[in-house]
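Shown here: data_24.txt, compact mmCIF, C-alpha atoms.
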```
# COMPACT_ATOMS: atom_id res chain seq x y z
CA MET A 1 135.55 111.92 61.35
CA LEU A 2 133.35 114.31 63.26
CA ALA A 3 131.41 112.95 66.22
CA THR A 4 127.66 112.87 65.80
CA ALA A 5 126.06 115.72 67.72
CA ARG A 6 123.61 114.80 70.48
CA PRO A 7 120.10 116.16 70.07
CA ARG A 8 119.36 119.06 72.36
CA GLY A 9 117.52 118.16 75.53
CA HIS A 10 118.95 114.62 75.66
CA HIS A 11 122.25 115.14 77.45
CA HIS A 12 121.44 112.56 80.18
CA ARG A 13 120.08 109.10 79.83
CA ILE A 14 117.44 108.20 82.39
CA SER A 15 117.71 104.61 83.61
CA PRO A 16 114.49 102.64 83.93
CA ARG A 17 113.18 102.15 87.46
CA LEU A 18 114.34 98.84 88.85
CA PRO A 19 111.81 96.58 90.58
CA VAL A 20 112.20 96.30 94.34
CA PRO A 21 113.05 92.67 95.25
CA ASP A 22 110.75 90.69 97.51
CA VAL A 23 111.56 90.86 101.21
CA PRO A 24 113.08 87.64 102.58
CA ARG A 25 111.26 86.11 105.52
CA ALA A 26 113.46 84.84 108.33
CA THR A 27 112.34 81.90 110.45
CA ALA A 28 114.27 82.94 113.56
CA GLU A 29 112.54 84.28 116.68
CA PRO A 30 114.83 86.95 118.14
CA VAL A 31 113.94 88.68 121.39
CA ILE A 32 114.31 92.42 120.86
CA VAL A 33 114.72 94.64 123.91
CA LEU A 34 113.04 98.00 123.33
CA GLY A 35 113.11 101.07 125.51
CA MET A 36 114.28 104.64 125.76
CA HIS A 37 117.93 105.38 126.47
CA ARG A 38 118.67 105.42 130.23
CA SER A 39 115.54 103.40 131.00
CA GLY A 40 117.19 100.29 132.41
CA THR A 41 117.66 98.43 129.12
CA SER A 42 121.40 97.95 129.76
CA MET A 43 120.75 96.48 133.21
CA LEU A 44 118.07 94.19 131.83
CA ALA A 45 120.15 93.08 128.83
CA THR A 46 123.11 92.28 131.09
CA LEU A 47 120.96 90.10 133.35
CA LEU A 48 119.38 88.30 130.38
CA ALA A 49 122.78 87.69 128.78
CA ASP A 50 124.21 86.35 132.04
CA ALA A 51 121.26 83.97 132.29
CA GLY A 52 121.85 82.56 128.80
CA LEU A 53 120.20 84.77 126.17
CA PHE A 54 122.72 85.32 123.38
CA LEU A 55 122.89 89.05 122.63
CA GLY A 56 125.91 89.12 120.38
CA HIS A 57 129.59 88.28 120.19
CA LYS A 58 130.86 91.84 119.82
CA VAL A 59 128.93 94.10 122.19
CA GLN A 60 129.48 97.55 123.66
CA PRO A 61 130.93 97.06 127.17
CA GLY A 62 128.50 97.92 129.95
CA HIS A 63 125.53 98.25 127.63
CA GLN A 64 125.24 94.83 125.91
CA GLU A 65 124.57 96.56 122.58
CA ALA A 66 125.72 94.50 119.60
CA GLU A 67 127.76 96.66 117.24
CA PHE A 68 126.25 94.82 114.27
CA PHE A 69 122.73 96.05 115.04
CA GLN A 70 123.95 99.43 116.25
CA HIS A 71 125.52 100.14 112.87
CA LEU A 72 122.48 98.93 110.94
CA ASN A 73 120.14 101.10 113.00
CA MET A 74 122.43 104.10 112.59
CA TYR A 75 122.35 103.52 108.85
CA VAL A 76 118.55 103.44 108.80
CA LEU A 77 118.37 106.67 110.81
CA ALA A 78 120.86 108.37 108.49
CA GLU A 79 118.86 107.28 105.45
CA SER A 80 115.78 108.76 107.12
CA SER A 81 117.53 112.10 107.78
CA ALA A 82 117.05 111.33 111.46
CA ASP A 83 119.09 110.56 114.56
CA TRP A 84 118.39 108.88 117.89
CA ASP A 85 117.38 112.20 119.47
CA ARG A 86 115.52 113.53 116.39
CA PRO A 87 113.41 110.61 115.20
CA ALA A 88 110.76 112.46 113.15
CA GLY A 89 112.29 111.43 109.82
CA VAL A 90 111.73 107.75 110.56
CA ALA A 91 107.94 108.11 110.31
CA THR A 92 108.36 109.82 106.94
CA MET A 93 110.54 106.98 105.71
CA LEU A 94 108.13 104.30 106.94
CA ALA A 95 105.31 105.99 105.04
CA ASP A 96 107.25 105.78 101.76
CA GLU A 97 106.73 102.27 100.40
CA ARG A 98 109.76 102.28 98.10
CA ALA A 99 112.14 103.58 100.75
CA ARG A 100 110.80 101.14 103.31
CA ARG A 101 111.11 98.11 101.02
CA TYR A 102 114.63 99.08 100.05
CA LEU A 103 115.73 99.39 103.68
CA VAL A 104 114.05 96.13 104.69
CA ASP A 105 115.76 94.37 101.81
CA TYR A 106 119.11 95.79 102.89
CA LEU A 107 118.60 94.72 106.51
CA ALA A 108 117.49 91.23 105.47
CA MET A 109 120.51 90.87 103.20
CA SER A 110 122.80 92.06 106.00
CA VAL A 111 121.63 89.51 108.60
CA ASN A 112 122.19 86.74 106.04
CA SER A 113 125.58 88.03 104.87
CA PRO A 114 129.14 87.24 106.00
CA ARG A 115 129.03 90.53 107.91
CA ALA A 116 126.90 88.73 110.48
CA ILE A 117 130.12 87.21 111.83
CA SER A 118 130.41 90.41 113.87
CA PHE A 119 127.30 89.37 115.78
CA LEU A 120 127.70 85.61 115.75
CA GLY A 121 131.45 85.26 116.24
CA SER A 122 133.50 82.94 114.05
CA ARG A 123 132.41 79.66 115.66
CA ARG A 124 128.68 80.37 115.52
CA TYR A 125 129.01 81.83 112.03
CA LEU A 126 130.68 78.68 110.68
CA ARG A 127 127.84 76.65 112.15
CA HIS A 128 124.83 78.81 111.24
CA ARG A 129 126.06 81.16 108.47
CA SER A 130 123.06 83.42 109.06
CA LEU A 131 120.93 85.05 111.73
CA GLY A 132 117.82 84.25 109.73
CA THR A 133 117.71 80.61 110.80
CA LEU A 134 119.40 80.86 114.20
CA GLU A 135 117.73 78.41 116.57
CA ILE A 136 119.35 79.24 119.94
CA PRO A 137 117.67 81.76 122.27
CA TRP A 138 119.02 85.08 121.00
CA GLY A 139 118.17 88.70 120.41
CA TRP A 140 119.62 92.16 120.67
CA LYS A 141 119.35 95.41 122.55
CA ASP A 142 119.79 98.84 121.01
CA PRO A 143 117.45 101.69 122.00
CA ARG A 144 117.42 102.89 118.37
CA THR A 145 115.52 99.71 117.50
CA THR A 146 112.55 101.28 119.28
CA LEU A 147 112.37 103.67 116.31
CA THR A 148 113.27 101.25 113.53
CA PHE A 149 111.26 98.29 114.84
CA PRO A 150 108.67 98.16 112.01
CA LEU A 151 111.48 97.41 109.57
CA TRP A 152 112.92 94.69 111.76
CA LEU A 153 109.51 93.10 112.13
CA ASP A 154 109.39 92.86 108.34
CA VAL A 155 112.73 91.04 108.46
CA PHE A 156 111.87 88.86 111.48
CA PRO A 157 108.06 88.47 111.45
CA ARG A 158 108.23 86.01 114.37
CA ALA A 159 110.22 88.35 116.60
CA LYS A 160 109.37 88.88 120.26
CA VAL A 161 109.65 92.13 122.18
CA ILE A 162 110.51 93.11 125.74
CA HIS A 163 109.81 96.75 126.56
CA VAL A 164 111.00 98.36 129.78
CA THR A 165 109.85 101.87 130.76
CA ARG A 166 111.21 104.27 133.35
CA HIS A 167 109.83 107.48 134.81
CA GLY A 168 110.30 110.21 132.22
CA VAL A 169 111.88 112.76 134.55
CA ASP A 170 114.53 110.28 135.69
CA VAL A 171 115.27 109.47 132.06
CA ALA A 172 115.46 113.13 131.04
CA ARG A 173 117.74 113.99 133.95
CA SER A 174 120.05 111.04 133.28
CA LEU A 175 120.32 112.06 129.64
CA GLN A 176 120.99 115.65 130.62
CA LEU A 177 123.80 114.63 132.98
CA ARG A 178 125.35 112.46 130.29
CA TYR A 179 125.13 115.36 127.86
CA ASP A 180 126.80 117.77 130.29
CA LYS A 181 129.69 115.36 130.75
CA SER A 182 129.96 114.71 127.03
CA ILE A 183 129.90 118.36 125.94
CA ASP A 184 132.56 119.32 128.52
CA ALA A 185 134.89 116.58 127.25
CA TYR A 186 134.11 117.53 123.65
CA VAL A 187 134.98 121.20 124.14
CA ASP A 188 138.10 120.36 126.15
CA ARG A 189 139.32 118.15 123.33
CA TYR A 190 138.73 120.96 120.86
CA ARG A 191 140.64 123.48 122.96
CA HIS A 192 143.65 121.20 123.35
CA ARG A 193 143.80 120.54 119.61
CA LYS A 194 142.65 123.90 118.29
CA GLY A 195 146.03 124.72 116.74
CA LEU A 196 146.02 121.43 114.86
CA TYR A 197 142.69 122.24 113.24
CA ARG A 198 144.28 125.12 111.39
CA PHE A 199 145.84 122.46 109.15
CA ILE A 200 143.43 119.51 109.26
CA ALA A 201 139.64 119.42 109.47
CA ARG A 202 138.02 118.34 112.72
CA ARG A 203 136.45 114.91 112.32
CA HIS A 204 135.01 114.23 115.76
CA HIS A 205 131.31 114.68 116.45
CA LEU A 206 129.31 115.14 119.62
CA THR A 207 127.93 111.69 120.36
CA THR A 208 125.23 112.85 122.78
CA GLY A 209 122.42 114.78 121.10
CA LEU A 210 121.96 118.47 121.81
CA ARG A 211 118.25 117.96 122.28
CA VAL A 212 118.65 116.31 125.69
CA ALA A 213 120.43 119.35 127.14
CA SER A 214 116.92 120.49 128.11
CA LEU A 215 114.79 118.51 130.55
CA ASP A 216 111.62 119.49 128.71
CA ASP A 217 113.04 118.36 125.37
CA GLY A 218 114.31 115.18 126.99
CA LEU A 219 110.77 114.43 128.20
CA ASP A 220 109.44 115.06 124.69
CA LEU A 221 111.93 112.53 123.36
CA TRP A 222 111.03 110.04 126.09
CA ASP A 223 107.40 110.38 125.06
CA ASP A 224 108.32 109.62 121.42
CA TYR A 225 110.16 106.45 122.38
CA VAL A 226 107.54 105.16 124.81
CA ARG A 227 104.78 105.68 122.26
CA ALA A 228 106.75 103.87 119.56
CA ALA A 229 107.57 100.94 121.84
CA HIS A 230 104.03 100.67 123.15
CA ALA A 231 102.74 100.53 119.58
CA ALA A 232 105.07 97.60 118.93
CA VAL A 233 103.92 95.83 122.09
CA THR A 234 100.26 96.34 121.22
CA SER A 235 100.74 94.99 117.70
CA LEU A 236 102.42 91.77 118.89
CA GLY A 237 99.97 90.68 121.57
CA ASP A 238 101.32 87.72 123.56
CA ARG A 239 104.65 87.96 121.72
CA ALA A 240 105.50 91.04 123.78
CA ILE A 241 106.07 91.87 127.44
CA GLU A 242 106.03 95.40 128.87
CA PHE A 243 106.94 96.36 132.44
CA ARG A 244 108.19 99.27 134.52
CA TYR A 245 111.81 99.64 135.59
CA GLU A 246 110.69 100.70 139.07
CA ASP A 247 108.56 97.58 139.56
CA PHE A 248 111.47 95.44 138.44
CA LEU A 249 113.81 97.04 140.99
CA GLU A 250 111.30 96.47 143.77
CA ASP A 251 111.00 92.73 143.11
CA PRO A 252 113.17 91.47 140.21
CA ASP A 253 112.85 87.72 140.68
CA PRO A 254 109.30 87.08 139.39
CA VAL A 255 109.89 89.43 136.46
CA MET A 256 113.16 87.74 135.49
CA HIS A 257 111.66 84.25 135.69
CA ARG A 258 108.79 85.39 133.49
CA LEU A 259 111.17 87.02 130.99
CA LEU A 260 113.49 84.03 130.76
CA ASP A 261 110.53 81.71 130.18
CA PHE A 262 109.38 84.12 127.47
CA CYS A 263 112.89 83.94 125.93
CA ASN A 264 112.95 80.11 126.14
CA VAL A 265 115.99 80.25 128.44
CA ALA A 266 116.07 77.54 131.10
CA VAL A 267 116.96 78.72 134.60
CA ALA A 268 116.84 77.20 138.09
CA PRO A 269 113.47 77.95 139.75
CA ASP A 270 115.16 79.22 142.91
CA ARG A 271 117.57 81.61 141.20
CA SER A 272 117.49 85.17 142.52
CA TRP A 273 118.63 88.52 141.12
CA SER A 274 117.81 90.74 144.10
CA GLU A 275 121.45 91.40 144.95
CA GLN A 276 122.26 92.46 141.37
CA VAL A 277 119.93 95.47 141.24
CA GLN A 278 119.94 98.81 143.05
CA SER A 279 116.43 99.51 144.29
CA THR A 280 117.41 103.07 145.29
CA ARG A 281 117.55 104.06 141.61
CA ALA A 282 113.75 103.97 141.39
CA PHE A 283 112.08 107.41 141.28
CA ALA A 284 115.36 109.22 141.94
CA TYR A 285 113.79 112.52 140.85
CA ARG A 286 111.81 112.68 144.10
CA GLN A 287 114.97 113.68 145.97
CA ASP A 288 115.27 116.94 144.01
CA PRO A 289 112.56 119.65 144.39
CA GLU A 290 113.41 121.11 140.98
CA LEU A 291 112.85 117.73 139.32
CA VAL A 292 109.61 117.27 141.23
CA ALA A 293 108.49 120.60 139.77
CA VAL A 294 109.33 119.31 136.28
CA ALA A 295 107.26 116.19 136.95
CA GLU A 296 104.31 118.30 138.10
CA ARG A 297 104.58 120.45 134.99
CA HIS A 298 104.41 117.34 132.80
CA GLY A 299 101.96 115.46 135.02
CA GLU A 300 99.40 114.78 132.30
CA ARG A 301 101.99 113.37 129.91
CA LEU A 302 103.52 111.17 132.61
CA ALA A 303 100.09 109.89 133.63
CA GLY A 304 99.46 108.90 130.02
CA HIS A 305 102.28 106.38 130.38
CA GLY A 306 101.27 105.10 133.80
CA TYR A 307 103.28 107.43 136.04
CA SER A 308 101.70 109.66 138.63
CA VAL A 309 103.56 112.61 140.13
```
Give the structure from this file in structure tokens form.
Amino acid sequence: MLATARPRGHHHRISPRLPVPDVPRATAEPVIVLGMHRSGTSMLATLLADAGLFLGHKVQPGHQEAEFFQHLNMYVLAESSADWDRPAGVATMLADERARRYLVDYLAMSVNSPRAISFLGSRRYLRHRSLGTLEIPWGWKDPRTTLTFPLWLDVFPRAKVIHVTRHGVDVARSLQLRYDKSIDAYVDRYRHRKGLYRFIARRHHLTTGLRVASLDDGLDLWDDYVRAAHAAVTSLGDRAIEFRYEDFLEDPDPVMHRLLDFCNVAVAPDRSWSEQVQSTRAFAYRQDPELVAVAERHGERLAGHGYSV
């Protein structure tokens, strides 16, 4: 028997558009630390975690970044054709209602899924089963959240925010130094294994963005992050705290007591953190005439975020 011929022009069946499911609303109140890379967020997160704020079971050593939220934020950036150093695509994604609802639904599903054991650890997971109803003081820190925050606020509408800023030139220089170190190691690895790549494809990628190789571009990126974080702070009112890294280094105790009260973490009223911070890290750019010149060149932009030259 001959097969029935398909009518011309109907070689592919088009599936009907599926409705986007409603976004779940979590009742938890996470504290989300926002801020540009190299702005003191790691220092702050470490101090908060030591004082009792739960920031995750499996975290990146030295940075207190939970791998669970790192991976989710990386996924969102990839879906937005963006990266941590090229965030423009995120705004495009947020403006597309269907894309935004899909990503929010995926994030909400993820925090309520067995995958959350990566963040909670086995004991907490067996007790709570989800981040959505977690009742202990908790939160997370990942600078990428500064870009993806509107999605997370849809998932956790009762979230709180802590935003720490640092002088843009110090941030740009720190990023540049990290890039220089990273690119040298990356090229050295390639040279040592060059013969091997004749037979297998190279799979490693440069983890530090090319954009921050330039101080001017690094300042542009700093401006993007600070604007995004400040918008989040403004939208949340008294559910957000914003402060300068330099002010914190000068006198950390009153800031830490205020932050821990904000996070609902009990701490002794006479506890001090002065010996755990390095006050000399404030305004480090002032020791380098070339960096001072960069600050003067970007004086208007710095002043817009509260920093004079």
Considering all atoms listed in the file, return as a list in words whatever protein or nucleic-acid residues lie within 9 Å of A:Gly35, sequence-local ones (same chain, fewer than 3 positions apart) excluded.
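Near neighbours after the sequence-gap exclusion: Arg38, Ser39, Gly40, Thr41, Lys141, Asp142, Pro143, Arg144, Thr145, Thr146, Ile162, His163, Val164, Thr165, Arg166, Tyr225, Val226 and Ala229 of chain A.
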Could you check the closest approach to A:Thr234 for each of A:Val161, A:Val212, A:Leu94, A:Cys263 and tell me which residue wins, using all atoms listed in the file?
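Looking at the shortest contact to A:Thr234, the residue is A:Val161.
Distance check against A:Leu291 using all atoms listed in the file: of A:Val277, A:Val233, A:Val309, A:Val90, the minimum falls on A:Val309.
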Between A:Ala295, A:Ala284, A:Leu259, A:Val169, which one has atoms that come closest to A:Trp222, using only C-alpha atoms?
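The closest residue to A:Trp222 is A:Val169.
Atom CA of A:Met74 is positioned 14.0 Å from atom CA of A:Met93.
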Å distance separating atom CA of A:Phe119 from atom CA of A:Ile136, one decimal place
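Going from atom CA of A:Phe119 over to atom CA of A:Ile136, I get 13.5 Å.
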So which one's closest to A:Arg124, A:Arg158, A:Glu290, A:Gly56, A:Ala231? Using all atoms listed in the file, please.
A:Gly56
Stretch 179-196 of chain A surroundings by only C-alpha atoms, 10 Å radius, close-in-sequence under 2 positions cut, as a PyMOL selection string
chain A and resi 173-177+198-202+204-214
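Take the candidates A:Ala28, A:Met256, A:Ala282, A:Leu151 and check each one against A:Asp270 using only C-alpha atoms; the shortest distance goes to A:Met256.
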What's the separation between atom CA of A:Glu67 and atom CA of A:Ile117, in Å to one decimal place?
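Going from atom CA of A:Glu67 over to atom CA of A:Ile117, I get 11.1 Å.
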Calculated over only C-alpha atoms, which of the candidates A:Leu249, A:Leu236, A:Ala159, A:Met36 has the smallest distance to A:Asp224?
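Using only C-alpha atoms, the shortest distance to A:Asp224 belongs to A:Met36.
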Dig up all the protein and nucleic acid residues within 8 Å of (124.0, 95.4, 130.2) in the file frame, using all atoms listed in the file, and format them as an NGL selection string.
:A and (41-47 or 49 or 61-65)
Give me the residues near A:Ser235 as a ChimeraX atom specification, where near means some atom within 12 Å (using only C-alpha atoms) and where sequence neighbours in that chain fewer than 2 positions away do not count.
/A:149-150,153,157,159-161,228-233,237-241
Rebuild stretch 185-206 of chain A so that it carries N, CA and C atoms, then output the result as a compact mmCIF listing (two decimals), in the frame of the given file.
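What landed in out.txt:
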```
# COMPACT_ATOMS: atom_id res chain seq x y z
N ALA A 185 133.75 117.31 127.81
CA ALA A 185 134.89 116.58 127.25
C ALA A 185 135.12 116.95 125.79
N TYR A 186 134.03 117.18 125.07
CA TYR A 186 134.11 117.53 123.65
C TYR A 186 134.80 118.88 123.46
N VAL A 187 134.40 119.86 124.24
CA VAL A 187 134.98 121.20 124.14
C VAL A 187 136.43 121.20 124.61
N ASP A 188 136.72 120.44 125.67
CA ASP A 188 138.10 120.36 126.15
C ASP A 188 139.01 119.77 125.08
N ARG A 189 138.52 118.76 124.41
CA ARG A 189 139.32 118.15 123.33
C ARG A 189 139.58 119.16 122.22
N TYR A 190 138.57 119.93 121.90
CA TYR A 190 138.73 120.96 120.86
C TYR A 190 139.78 122.00 121.27
N ARG A 191 139.71 122.46 122.51
CA ARG A 191 140.64 123.48 122.96
C ARG A 191 142.08 122.99 122.94
N HIS A 192 142.30 121.74 123.33
CA HIS A 192 143.65 121.20 123.35
C HIS A 192 144.21 121.00 121.95
N ARG A 193 143.34 120.82 120.97
CA ARG A 193 143.80 120.54 119.61
C ARG A 193 143.47 121.65 118.63
N LYS A 194 143.09 122.79 119.15
CA LYS A 194 142.65 123.90 118.29
C LYS A 194 143.71 124.29 117.27
N GLY A 195 144.97 124.35 117.68
CA GLY A 195 146.03 124.72 116.74
C GLY A 195 146.15 123.74 115.61
N LEU A 196 145.93 122.46 115.89
CA LEU A 196 146.02 121.43 114.86
C LEU A 196 144.96 121.61 113.79
N TYR A 197 143.79 122.11 114.19
CA TYR A 197 142.69 122.24 113.24
C TYR A 197 142.88 123.38 112.24
N ARG A 198 143.94 124.14 112.41
CA ARG A 198 144.28 125.12 111.39
C ARG A 198 144.78 124.43 110.12
N PHE A 199 145.23 123.17 110.27
CA PHE A 199 145.84 122.46 109.15
C PHE A 199 145.03 121.25 108.70
N ILE A 200 144.28 120.64 109.62
CA ILE A 200 143.43 119.51 109.26
C ILE A 200 142.03 119.76 109.77
N ALA A 201 141.03 119.22 109.07
CA ALA A 201 139.64 119.42 109.47
C ALA A 201 139.31 118.57 110.69
N ARG A 202 138.48 119.09 111.54
CA ARG A 202 138.02 118.34 112.72
C ARG A 202 137.05 117.26 112.28
N ARG A 203 137.27 116.04 112.75
CA ARG A 203 136.45 114.91 112.32
C ARG A 203 135.57 114.34 113.42
N HIS A 204 135.79 114.76 114.64
CA HIS A 204 135.01 114.23 115.76
C HIS A 204 133.64 114.91 115.83
N HIS A 205 132.66 114.16 116.32
CA HIS A 205 131.31 114.68 116.45
C HIS A 205 130.80 114.44 117.87
N LEU A 206 129.92 115.30 118.31
CA LEU A 206 129.31 115.14 119.62
C LEU A 206 128.39 113.92 119.58
```
